[in-house]
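J.: Have a peek at protein_4.pdb (PDB, C-alpha atoms).
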ATOM      1  CA  MET Q  68       0.000   0.000   0.000  1.00  0.00           C
ATOM      2  CA  LEU Q  69       1.119   3.537  -0.749  1.00  0.00           C
ATOM      3  CA  ARG Q  70       0.151   6.437   1.519  1.00  0.00           C
ATOM      4  CA  VAL Q  71      -0.871   9.560  -0.394  1.00  0.00           C
ATOM      5  CA  THR Q  72      -1.336  12.905   1.335  1.00  0.00           C
ATOM      6  CA  ARG Q  73      -3.543  15.569  -0.195  1.00  0.00           C
ATOM      7  CA  SER Q  74      -5.050  18.878   0.798  1.00  0.00           C
ATOM      8  CA  VAL Q  75      -8.705  19.042   1.779  1.00  0.00           C
ATOM      9  CA  GLY Q  76      -9.663  22.626   2.531  1.00  0.00           C
ATOM     10  CA  ALA Q  77      -7.313  23.921   5.183  1.00  0.00           C
ATOM     11  CA  TYR Q  78      -6.376  20.428   6.354  1.00  0.00           C
ATOM     12  CA  TRP Q  79      -4.215  17.570   5.075  1.00  0.00           C
ATOM     13  CA  THR Q  80      -5.486  14.035   4.887  1.00  0.00           C
ATOM     14  CA  SER Q  81      -3.857  10.715   4.103  1.00  0.00           C
ATOM     15  CA  GLU Q  82      -5.340   7.882   2.167  1.00  0.00           C
ATOM     16  CA  ARG Q  83      -4.026   4.504   1.153  1.00  0.00           C
ATOM     17  CA  ILE Q  84      -3.797   3.542  -2.494  1.00  0.00           C
ATOM     18  CA  PRO Q  85      -3.015  -0.055  -3.449  1.00  0.00           C
ATOM     19  CA  ARG Q  86       0.298  -0.303  -5.317  1.00  0.00           C
ATOM     20  CA  HIS Q  87      -1.235  -2.460  -8.048  1.00  0.00           C
ATOM     21  CA  SER Q  88      -3.557   0.391  -9.077  1.00  0.00           C
ATOM     22  CA  MET Q  89      -0.526   2.428 -10.159  1.00  0.00           C
ATOM     23  CA  ILE Q  90       0.985  -0.260 -12.420  1.00  0.00           C
ATOM     24  CA  PRO Q  91      -0.418  -0.741 -15.932  1.00  0.00           C
ATOM     25  CA  ILE Q  92      -2.376  -3.985 -16.245  1.00  0.00           C
ATOM     26  CA  THR Q  93      -1.101  -4.801 -19.725  1.00  0.00           C
ATOM     27  CA  ALA Q  94       2.446  -4.485 -20.979  1.00  0.00           C
ATOM     28  CA  PRO Q  95       2.970  -2.321 -24.061  1.00  0.00           C
ATOM     29  CA  ALA Q  96       2.960  -4.409 -27.237  1.00  0.00           C
ATOM     30  CA  THR Q  97       5.403  -2.296 -29.247  1.00  0.00           C
ATOM     31  CA  TYR Q  98       8.421  -0.164 -28.529  1.00  0.00           C
ATOM     32  CA  ALA Q  99       6.525   2.917 -29.765  1.00  0.00           C
ATOM     33  CA  ASP Q 100       3.719   2.202 -27.293  1.00  0.00           C
ATOM     34  CA  LEU Q 101       6.258   1.669 -24.506  1.00  0.00           C
ATOM     35  CA  LYS Q 102       7.982   4.955 -25.354  1.00  0.00           C
ATOM     36  CA  ARG Q 103       4.670   6.852 -25.407  1.00  0.00           C
ATOM     37  CA  ARG Q 104       3.486   5.416 -22.090  1.00  0.00           C
ATOM     38  CA  VAL Q 105       6.820   5.986 -20.345  1.00  0.00           C
ATOM     39  CA  GLN Q 106       6.918   9.567 -21.641  1.00  0.00           C
ATOM     40  CA  GLU Q 107       3.355  10.203 -20.430  1.00  0.00           C
ATOM     41  CA  THR Q 108       4.167   8.713 -17.024  1.00  0.00           C
ATOM     42  CA  LEU Q 109       7.288  10.841 -16.651  1.00  0.00           C
ATOM     43  CA  LEU Q 110       5.436  14.018 -17.653  1.00  0.00           C
ATOM     44  CA  ILE Q 111       2.621  13.310 -15.206  1.00  0.00           C
ATOM     45  CA  GLY Q 112       5.150  12.660 -12.448  1.00  0.00           C
ATOM     46  CA  GLU Q 113       7.065  15.855 -13.195  1.00  0.00           C
ATOM     47  CA  ARG Q 114       3.847  17.888 -13.154  1.00  0.00           C
ATOM     48  CA  ARG Q 115       2.845  16.410  -9.798  1.00  0.00           C
ATOM     49  CA  ILE Q 116       6.267  17.196  -8.353  1.00  0.00           C
ATOM     50  CA  GLU Q 117       6.090  20.802  -9.574  1.00  0.00           C
ATOM     51  CA  GLU Q 118       2.554  21.221  -8.228  1.00  0.00           C
ATOM     52  CA  ALA Q 119       3.684  19.866  -4.852  1.00  0.00           C
ATOM     53  CA  LYS Q 120       6.648  22.269  -4.831  1.00  0.00           C
ATOM     54  CA  VAL Q 121       4.448  25.269  -5.595  1.00  0.00           C
ATOM     55  CA  LEU Q 122       1.934  24.274  -2.933  1.00  0.00           C
ATOM     56  CA  THR Q 123       4.743  23.743  -0.410  1.00  0.00           C
ATOM     57  CA  TYR Q 124       6.316  27.130  -1.188  1.00  0.00           C
ATOM     58  CA  TRP Q 125       2.945  28.879  -1.055  1.00  0.00           C
ATOM     59  CA  THR Q 126       1.876  27.216   2.215  1.00  0.00           C
ATOM     60  CA  THR Q 127       5.216  28.003   3.854  1.00  0.00           C
ATOM     61  CA  GLY Q 128       4.959  31.601   2.703  1.00  0.00           C
ATOM     62  CA  ARG Q 129       1.377  32.006   3.887  1.00  0.00           C
ATOM     63  CA  LEU Q 130       2.247  30.591   7.313  1.00  0.00           C
ATOM     64  CA  ILE Q 131       5.106  33.055   7.721  1.00  0.00           C
ATOM     65  CA  HIS Q 132       3.166  35.985   6.260  1.00  0.00           C
ATOM     66  CA  GLU Q 133       0.050  35.399   8.383  1.00  0.00           C
ATOM     67  CA  HIS Q 134       2.131  34.958  11.533  1.00  0.00           C
ATOM     68  CA  VAL Q 135       4.005  38.206  10.904  1.00  0.00           C
ATOM     69  CA  LEU Q 136       0.728  40.037  10.178  1.00  0.00           C
ATOM     70  CA  ARG Q 137      -0.679  38.792  13.463  1.00  0.00           C
ATOM     71  CA  HIS Q 138       2.270  40.452  15.240  1.00  0.00           C
ATOM     72  CA  LYS Q 139       2.569  43.531  13.018  1.00  0.00           C
ATOM     73  CA  GLU Q 140       2.591  45.919  15.981  1.00  0.00           C
ATOM     74  CA  LYS Q 141       6.130  44.720  16.736  1.00  0.00           C
ATOM     75  CA  THR Q 142       8.380  46.768  14.460  1.00  0.00           C
ATOM     76  CA  TYR Q 143      11.077  44.267  13.448  1.00  0.00           C
ATOM     77  CA  TYR Q 144       9.197  41.073  14.235  1.00  0.00           C
ATOM     78  CA  GLY Q 145       9.171  39.793  10.639  1.00  0.00           C
ATOM     79  CA  LYS Q 146      12.928  39.916  10.348  1.00  0.00           C
ATOM     80  CA  GLU Q 147      13.356  38.306  13.774  1.00  0.00           C
ATOM     81  CA  VAL Q 148      11.004  35.465  12.842  1.00  0.00           C
ATOM     82  CA  VAL Q 149      12.803  34.732   9.587  1.00  0.00           C
ATOM     83  CA  VAL Q 150      16.226  34.806  11.247  1.00  0.00           C
ATOM     84  CA  ARG Q 151      15.043  32.464  14.017  1.00  0.00           C
ATOM     85  CA  LEU Q 152      13.291  30.083  11.618  1.00  0.00           C
ATOM     86  CA  ALA Q 153      16.365  29.988   9.389  1.00  0.00           C
ATOM     87  CA  GLU Q 154      18.551  29.041  12.337  1.00  0.00           C
ATOM     88  CA  ASP Q 155      16.099  26.528  13.823  1.00  0.00           C
ATOM     89  CA  LEU Q 156      15.305  24.830  10.502  1.00  0.00           C
ATOM     90  CA  GLU Q 157      18.830  25.161   9.076  1.00  0.00           C
ATOM     91  CA  ILE Q 158      17.549  26.847   5.923  1.00  0.00           C
ATOM     92  CA  SER Q 159      18.615  30.019   4.168  1.00  0.00           C
ATOM     93  CA  GLN Q 160      16.955  33.270   5.217  1.00  0.00           C
ATOM     94  CA  SER Q 161      16.633  34.235   1.568  1.00  0.00           C
ATOM     95  CA  VAL Q 162      14.614  31.072   0.880  1.00  0.00           C
ATOM     96  CA  LEU Q 163      12.226  31.941   3.699  1.00  0.00           C
ATOM     97  CA  TYR Q 164      11.920  35.560   2.543  1.00  0.00           C
ATOM     98  CA  LYS Q 165      11.121  34.362  -0.997  1.00  0.00           C
ATOM     99  CA  ARG Q 166       8.465  31.958   0.301  1.00  0.00           C
ATOM    100  CA  ALA Q 167       6.915  34.663   2.497  1.00  0.00           C
ATOM    101  CA  TRP Q 168       6.852  37.037  -0.480  1.00  0.00           C
ATOM    102  CA  PHE Q 169       5.252  34.340  -2.648  1.00  0.00           C
ATOM    103  CA  GLY Q 170       2.599  33.624  -0.004  1.00  0.00           C
ATOM    104  CA  ALA Q 171       1.838  37.330   0.399  1.00  0.00           C
ATOM    105  CA  LEU Q 172       1.737  37.993  -3.343  1.00  0.00           C
ATOM    106  CA  TYR Q 173      -0.739  35.177  -4.038  1.00  0.00           C
ATOM    107  CA  PRO Q 174      -3.107  35.098  -1.039  1.00  0.00           C
ATOM    108  CA  ILE Q 175      -5.509  32.487  -2.450  1.00  0.00           C
ATOM    109  CA  VAL Q 176      -4.683  29.213  -4.156  1.00  0.00           C
ATOM    110  CA  SER Q 177      -7.573  27.574  -5.940  1.00  0.00           C
ATOM    111  CA  ALA Q 178      -7.629  23.796  -6.096  1.00  0.00           C
ATOM    112  CA  ARG Q 179      -9.076  24.097  -9.595  1.00  0.00           C
ATOM    113  CA  THR Q 180      -6.384  26.364 -10.987  1.00  0.00           C
ATOM    114  CA  LYS Q 181      -3.753  24.528 -12.989  1.00  0.00           C
ATOM    115  CA  LEU Q 182      -0.275  25.996 -12.918  1.00  0.00           C
ATOM    116  CA  THR Q 183       1.763  25.631 -16.086  1.00  0.00           C
TER
END
As structure tokens - that is how I would like this structure written.
T.:
Amino acid sequence: MLRVTRSVGAYWTSERIPRHSMIPITAPATYADLKRRVQETLLIGERRIEEAKVLTYWTTGRLIHEHVLRHKEKTYYGKEVVVRLAEDLEISQSVLYKRAWFGALYPIVSARTKLT
């Protein structure tokens, strides 16, 4: 069984998908068919990876942005938060600033919108 995690509203849920449902039932008859199916599979996988990256960047940015907005009365709080997160998570401050900017720039992500 494979565990798949997906977003449902503001929450994440996990569901189990049987491994056999992901493997083609019939083997390709020709090399051309094999090539086409492998290419389609790779493209679908790459798209899913990119969508997951964008969602991860956006969610990270929104979390930071919303937290900083909640404490906006503190003058330098945003910078302090990013510095502390960068140290605690061992990640670059510039990466966190970029994610926060991305989350602030695009406040709503629609599940129906396809990114290309």
J.: I'd like the contact shell of Q:His134 - 10 Å cut-off, all atoms listed in the file, skipping same-chain residues fewer than 6 positions apart - returned as a PyMOL selection string.
T.: chain Q and resi 128+144-145+148
J.: Could you write out as a list in words the residues that the PyMOL selection byres ((chain Q and resi 131) around 10) matches in the shown file?
T.: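 Applied to this file, the PyMOL selection byres ((chain Q and resi 131) around 10) selects Trp125, Thr126, Thr127, Gly128, Arg129, Leu130, His132, Glu133, His134, Val135, Leu136, Arg137, Gly145, Val148, Val149, Leu152, Leu163, Tyr164, Arg166, Ala167, Trp168, Gly170 and Ala171 of chain Q.
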J.: Quick check, in Å to one decimal: how far apart do atom CA of Q:Arg115 and atom CA of Q:Lys102 lie?
T.: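 According to the coordinates, atom CA of Q:Arg115 and atom CA of Q:Lys102 are separated by 20.0 Å.
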J.: Separation of atom CA of Q:Ile175 and atom CA of Q:Leu122, in Å?
T.: 11.1 Å
J.: Can you tell me how far atom CA of Q:Val121 sits from atom CA of Q:Val105, in Å to one decimal?
T.: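 Separation between atom CA of Q:Val121 and atom CA of Q:Val105: 24.4 Å.
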